[in-house]
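**Student:** Got a structure for you, written out below as structure tokens; questions coming shortly.
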Amino acid sequence: LTPSDAGDGDHFGQDVAINDAGWAFVSSVKRDSNKGAVYIFKKNEGGNDNWGYFQKVMLGNAFENDNFGYSISANTKSLIVGAVLTGSSPGEAYLIAYNDAYGTWGELGENFNYKENSKVQKGVRIEENGDYFGSSISIGNTYGIIGSNLADISGNSNTGVAYIIQDTGEGYWEVRKRIISDDLQAEDEFGFSVGLSGRYAIVGAWLEDEPLNGGAAYILNIPEMEGGPRCLIYDQD
């Protein structure tokens with residue numbers, strides 16, 4: 001898979017995702033002065049069993065160094081895209097929703113360009129500049145997890161956090177729970193990588209210090225968020 005408008009230094013393939021409905025997504029995080037873009041390919045587009053280019057999505061109000069597409073994850077109806085906003089900003093994540101009526105992804109903007117539908121709402125998220133929110137993403141049908149691996153915790157730099165997000169069913173996803181672990185220290189970068197399957201999530205802290213920069217991974221359990229606690233988190237070291 002290659003984009004028709006490829007340019008030098010675009011970093012096409014920064015992250016990829018594919019779903020069961022025959023859609024493939026490839027990010028090009030450095031496209032257009034690091035604004036970033038996501039290219040969408042469709043199975044059987046242009047021939048049987050061919051994965052053909054279908055459309056491109058960029059932020060509707062993009063700025064240089066947004067790094068839209070730093071991380072991506074998709075199900076059959078939602079594509080969540082991280083824009084870590086290199087520099088001073090905390091980072092954001094965006095929903096590109098599948099439009100059943102038109103068979104396209106995202107919202108049609110100016111000049112027939114497609115853009116995001118909404119921003120992942122911050123909910124319980126704590127924002128600080130340079131957090132790298134959206135550095136890693138994994139979603140299921142209803143829940144997801146997003147890493148913010150350069151977030152500072154209690155004055156410790158780059159400890160990292162992760163957030164559980166949920167599809168509200170109202171056209172946007174929202175942050176529901178902030179996840180940290182008691183044994184984290186400065187520079188551990190918890191949230192550098194994340195994964196999700198059903199009610200289980202896993203978070204990588206690739207620079208965790210037992211042994212020095214040896215790294216660690218943490219298993220999280222996500223019960224149904226109906227009554228009682230929204231999320232039960234535990235460490236299975």
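Letters for chains follow the order of the structure tokens (A, B, ...), residue numbers begin at 1 for each chain, and ligand numbers begin at 1 in the order shown.
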Could you pull out the residues in region 27-207 of chain A that DSSP calls strand (DSSP E) from the backbone, as a PyMOL selection string?

**Tutor:** chain A and resi 27-28+37-43+51-57+68-74+78-83+92-99+104-105+107-108+114-115+118-119+133-139+143-148+161-167+173-179+190-197+200-205

**Student:** Tell me, as number ranges by chain, which residues lie within 8 Å of Tyr172 (chain A), counting only C-alpha atoms; anything in the same chain fewer than 3 positions away does not count.

**Tutor:** A: 95, 117-121, 167-169

**Student:** As a PyMOL selection string, please: the residues near region 209-218 of chain A (cut-off 12 Å, only C-alpha atoms, same-chain neighbours under 5 positions excluded).

**Tutor:** chain A and resi 159+161-162+179-196+200-204+233-237

**Student:** Once you have the residues from the selection above, write them out as a short mmCIF file (atom, residue, chain, number, x, y, z; two decimals), in the first residue's frame, restricted to N, CA and C atoms.

**Tutor:**
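File produced: again.cif:
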data_model
loop_
_atom_site.label_atom_id
_atom_site.label_comp_id
_atom_site.auth_asym_id
_atom_site.auth_seq_id
_atom_site.Cartn_x
_atom_site.Cartn_y
_atom_site.Cartn_z
N THR A 159 6.80 9.94 33.91
CA THR A 159 6.35 8.70 34.53
C THR A 159 5.36 7.98 33.62
N VAL A 161 1.07 7.89 32.08
CA VAL A 161 -0.24 7.41 32.52
C VAL A 161 -0.96 6.80 31.32
N ALA A 162 -2.06 6.13 31.60
CA ALA A 162 -2.94 5.64 30.54
C ALA A 162 -4.37 5.98 30.93
N ILE A 179 -5.29 5.82 34.70
CA ILE A 179 -4.62 4.64 35.22
C ILE A 179 -3.16 4.95 35.50
N ILE A 180 -2.72 4.66 36.72
CA ILE A 180 -1.31 4.71 37.08
C ILE A 180 -1.02 3.47 37.93
N SER A 181 0.24 3.24 38.21
CA SER A 181 0.62 2.13 39.09
C SER A 181 1.52 2.67 40.20
N ASP A 182 1.36 2.13 41.40
CA ASP A 182 2.08 2.65 42.57
C ASP A 182 3.59 2.51 42.47
N ASP A 183 4.07 1.58 41.66
CA ASP A 183 5.51 1.33 41.61
C ASP A 183 6.23 2.14 40.52
N LEU A 184 5.52 3.03 39.86
CA LEU A 184 6.13 3.79 38.77
C LEU A 184 7.03 4.91 39.30
N GLN A 185 8.07 5.20 38.52
CA GLN A 185 9.02 6.25 38.87
C GLN A 185 9.22 7.17 37.68
N ALA A 186 10.02 8.20 37.88
CA ALA A 186 10.33 9.12 36.79
C ALA A 186 10.98 8.37 35.63
N GLU A 187 10.61 8.78 34.42
CA GLU A 187 11.19 8.26 33.17
C GLU A 187 10.80 6.82 32.85
N ASP A 188 9.81 6.25 33.53
CA ASP A 188 9.37 4.88 33.21
C ASP A 188 8.59 4.83 31.90
N GLU A 189 7.89 5.91 31.56
CA GLU A 189 7.07 6.03 30.34
C GLU A 189 5.99 4.94 30.26
N PHE A 190 5.25 4.82 31.33
CA PHE A 190 4.05 3.99 31.37
C PHE A 190 3.06 4.51 30.33
N GLY A 191 2.56 3.64 29.46
CA GLY A 191 1.68 4.06 28.37
C GLY A 191 2.38 4.16 27.05
N PHE A 192 3.67 3.80 27.01
CA PHE A 192 4.41 3.82 25.74
C PHE A 192 3.74 2.91 24.71
N SER A 193 3.16 1.82 25.17
CA SER A 193 2.40 0.91 24.31
C SER A 193 1.18 0.43 25.07
N VAL A 194 0.10 0.15 24.34
CA VAL A 194 -1.12 -0.35 24.96
C VAL A 194 -1.77 -1.39 24.05
N GLY A 195 -2.55 -2.28 24.64
CA GLY A 195 -3.32 -3.26 23.88
C GLY A 195 -4.62 -3.55 24.59
N LEU A 196 -5.61 -4.00 23.84
CA LEU A 196 -6.94 -4.25 24.40
C LEU A 196 -7.56 -5.46 23.72
N TYR A 200 -9.96 -6.95 28.85
CA TYR A 200 -8.60 -6.92 29.35
C TYR A 200 -7.74 -5.95 28.53
N ALA A 201 -6.93 -5.19 29.25
CA ALA A 201 -6.01 -4.26 28.60
C ALA A 201 -4.61 -4.51 29.15
N ILE A 202 -3.61 -4.14 28.37
CA ILE A 202 -2.23 -4.26 28.80
C ILE A 202 -1.51 -2.95 28.47
N VAL A 203 -0.65 -2.51 29.39
CA VAL A 203 0.08 -1.26 29.23
C VAL A 203 1.56 -1.52 29.41
N GLY A 204 2.36 -1.03 28.48
CA GLY A 204 3.79 -1.18 28.56
C GLY A 204 4.46 0.04 29.15
N ILE A 233 -8.89 -1.50 38.48
CA ILE A 233 -7.55 -1.64 37.93
C ILE A 233 -6.69 -2.42 38.93
N TYR A 234 -5.94 -3.39 38.41
CA TYR A 234 -5.01 -4.07 39.30
C TYR A 234 -3.76 -4.49 38.54
N ASP A 235 -2.69 -4.68 39.32
CA ASP A 235 -1.37 -4.99 38.78
C ASP A 235 -1.10 -6.46 39.04
N GLN A 236 -0.79 -7.24 38.01
CA GLN A 236 -0.58 -8.67 38.16
C GLN A 236 0.90 -9.04 38.10
N ASP A 237 1.80 -8.21 38.62
CA ASP A 237 3.24 -8.49 38.59
C ASP A 237 3.52 -9.92 39.03
#

**Student:** For a test of reading the model, state the distance in Å between CA of Lys177 (chain A) and CA of Val124 (chain A), rounded to one decimal.

**Tutor:**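 Between CA of Lys177 (chain A) and CA of Val124 (chain A) the gap works out to 6.4 Å.
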
**Student:** Work out how far CA of Gly171 (chain A) is from CA of Ala151 (chain A), in Å to one decimal.

**Tutor:** 27.5 Å

**Student:** Need to verify the contact set: Ser138 (chain A), 9 Å, only C-alpha atoms, exclusion of same-chain residues closer than 3 positions in sequence. Can you return it as number ranges by chain?

**Tutor:** A: 71-74, 80, 143-146, 194-197, 201

**Student:** Which residue gives the smallest distance to Ser148 (chain A) among A:Ile164, A:Val57, A:Ile18, A:Ala37, with only C-alpha atoms counted?

**Tutor:** A:Ile164

**Student:** Using DSSP assignments from the backbone, pull out every residue in region 15-47 of chain A that falls under helix (DSSP H, G or I) and give it to me as a PyMOL selection string.

**Tutor:** chain A and resi 31-34

**Student:** Take the selection from the previous step and output its residues with C-alpha atoms, as an mmCIF file, in the first residue's frame.

**Tutor:**
data_model
loop_
_atom_site.group_PDB
_atom_site.id
_atom_site.type_symbol
_atom_site.label_atom_id
_atom_site.label_comp_id
_atom_site.auth_asym_id
_atom_site.auth_seq_id
_atom_site.Cartn_x
_atom_site.Cartn_y
_atom_site.Cartn_z
ATOM 1 C CA ARG A 31 2.688 14.692 6.035
ATOM 2 C CA ASP A 32 2.496 18.413 5.185
ATOM 3 C CA SER A 33 5.005 19.875 7.672
ATOM 4 C CA ASN A 34 4.192 17.312 10.350
#

**Student:** Just want the 6 Å neighbourhood of Gly106 (chain A), counted on only C-alpha atoms, with same-chain residues fewer than 3 positions away dropped. Output as number ranges by chain.

**Tutor:** A: 96-97, 114-117

**Student:** Any chance you could export the current selection's all heavy atoms as a CSV table (one decimal), in the first residue's frame?

**Tutor:**
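Ended up saving to selection35.csv:
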chain,number,residue,atom,x,y,z
A,96,ILE,N,-12.7,9.5,14.0
A,96,ILE,CA,-13.1,9.5,12.6
A,96,ILE,C,-14.2,8.4,12.5
A,96,ILE,O,-13.8,7.2,12.6
A,96,ILE,CB,-12.0,9.3,11.6
A,96,ILE,CG1,-11.0,10.5,11.6
A,96,ILE,CG2,-12.5,9.0,10.2
A,96,ILE,CD1,-10.0,10.5,12.7
A,97,ALA,N,-15.4,8.7,12.3
A,97,ALA,CA,-16.5,7.7,12.4
A,97,ALA,C,-16.9,7.3,11.0
A,97,ALA,O,-16.9,8.1,10.0
A,97,ALA,CB,-17.7,8.3,13.1
A,114,TYR,N,-11.8,15.2,3.8
A,114,TYR,CA,-12.4,14.6,5.0
A,114,TYR,C,-11.6,15.0,6.2
A,114,TYR,O,-10.4,15.0,6.2
A,114,TYR,CB,-12.5,13.1,4.8
A,114,TYR,CG,-13.6,12.7,3.8
A,114,TYR,CD1,-13.4,12.6,2.4
A,114,TYR,CD2,-14.9,12.5,4.2
A,114,TYR,CE1,-14.4,12.2,1.6
A,114,TYR,CE2,-15.9,12.2,3.4
A,114,TYR,CZ,-15.6,12.0,2.0
A,114,TYR,OH,-16.6,11.7,1.1
A,115,LYS,N,-12.4,15.2,7.3
A,115,LYS,CA,-11.7,15.6,8.5
A,115,LYS,C,-12.4,14.8,9.7
A,115,LYS,O,-13.2,13.9,9.5
A,115,LYS,CB,-12.0,17.1,8.8
A,115,LYS,CG,-13.4,17.5,8.9
A,115,LYS,CD,-13.6,19.0,9.2
A,115,LYS,CE,-15.0,19.4,9.4
A,115,LYS,NZ,-15.2,20.8,9.7
A,116,GLU,N,-11.9,15.0,10.9
A,116,GLU,CA,-12.4,14.3,12.1
A,116,GLU,C,-13.8,14.7,12.4
A,116,GLU,O,-14.3,15.7,12.0
A,116,GLU,CB,-11.5,14.7,13.3
A,116,GLU,CG,-11.7,16.0,13.9
A,116,GLU,CD,-11.1,17.2,13.2
A,116,GLU,OE1,-10.5,17.0,12.1
A,116,GLU,OE2,-11.2,18.3,13.7
A,117,ASN,N,-14.5,13.8,13.1
A,117,ASN,CA,-15.9,14.0,13.5
A,117,ASN,C,-15.9,14.7,14.9
A,117,ASN,O,-16.7,15.6,15.1
A,117,ASN,CB,-16.7,12.7,13.6
A,117,ASN,CG,-16.9,12.1,12.3
A,117,ASN,OD1,-16.1,11.3,11.9
A,117,ASN,ND2,-18.0,12.4,11.7

**Student:** Which residues are near Val16 (chain A)? Cut-off 7 Å, only C-alpha atoms, ignore same chain within fewer than 5 positions. Put them as a list in words.

**Tutor:** Phe25, Val26, Ser27 and Ile72 of chain A

**Student:** Could you check which of A:Lys30, A:Lys122, A:Lys56, A:Arg199 is closest to Glu107 (chain A), using only C-alpha atoms?

**Tutor:**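 Among the listed residues, the smallest separation from Glu107 (chain A) belongs to A:Lys56.
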
**Student:** For Asn141 (chain A), which of A:Leu1, A:Ala93, A:Val81, A:Ile165 is the closest residue, counting only C-alpha atoms?

**Tutor:**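 Distance minimum relative to Asn141 (chain A) lands on A:Ile165.
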
**Student:** Ranking A:Ala21, A:Leu150, A:Leu59, A:Val175 by minimum distance to Gly91 (chain A) and counting only C-alpha atoms, which one comes first?

**Tutor:**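 Of A:Ala21, A:Leu150, A:Leu59, A:Val175, the one nearest Gly91 (chain A) is A:Leu150, counting only C-alpha atoms.
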
**Student:** Kindly give the distance, in Å, that separates CA of Gly147 (chain A) and CA of Tyr163 (chain A), rounded to a single decimal.

**Tutor:** 6.5 Å
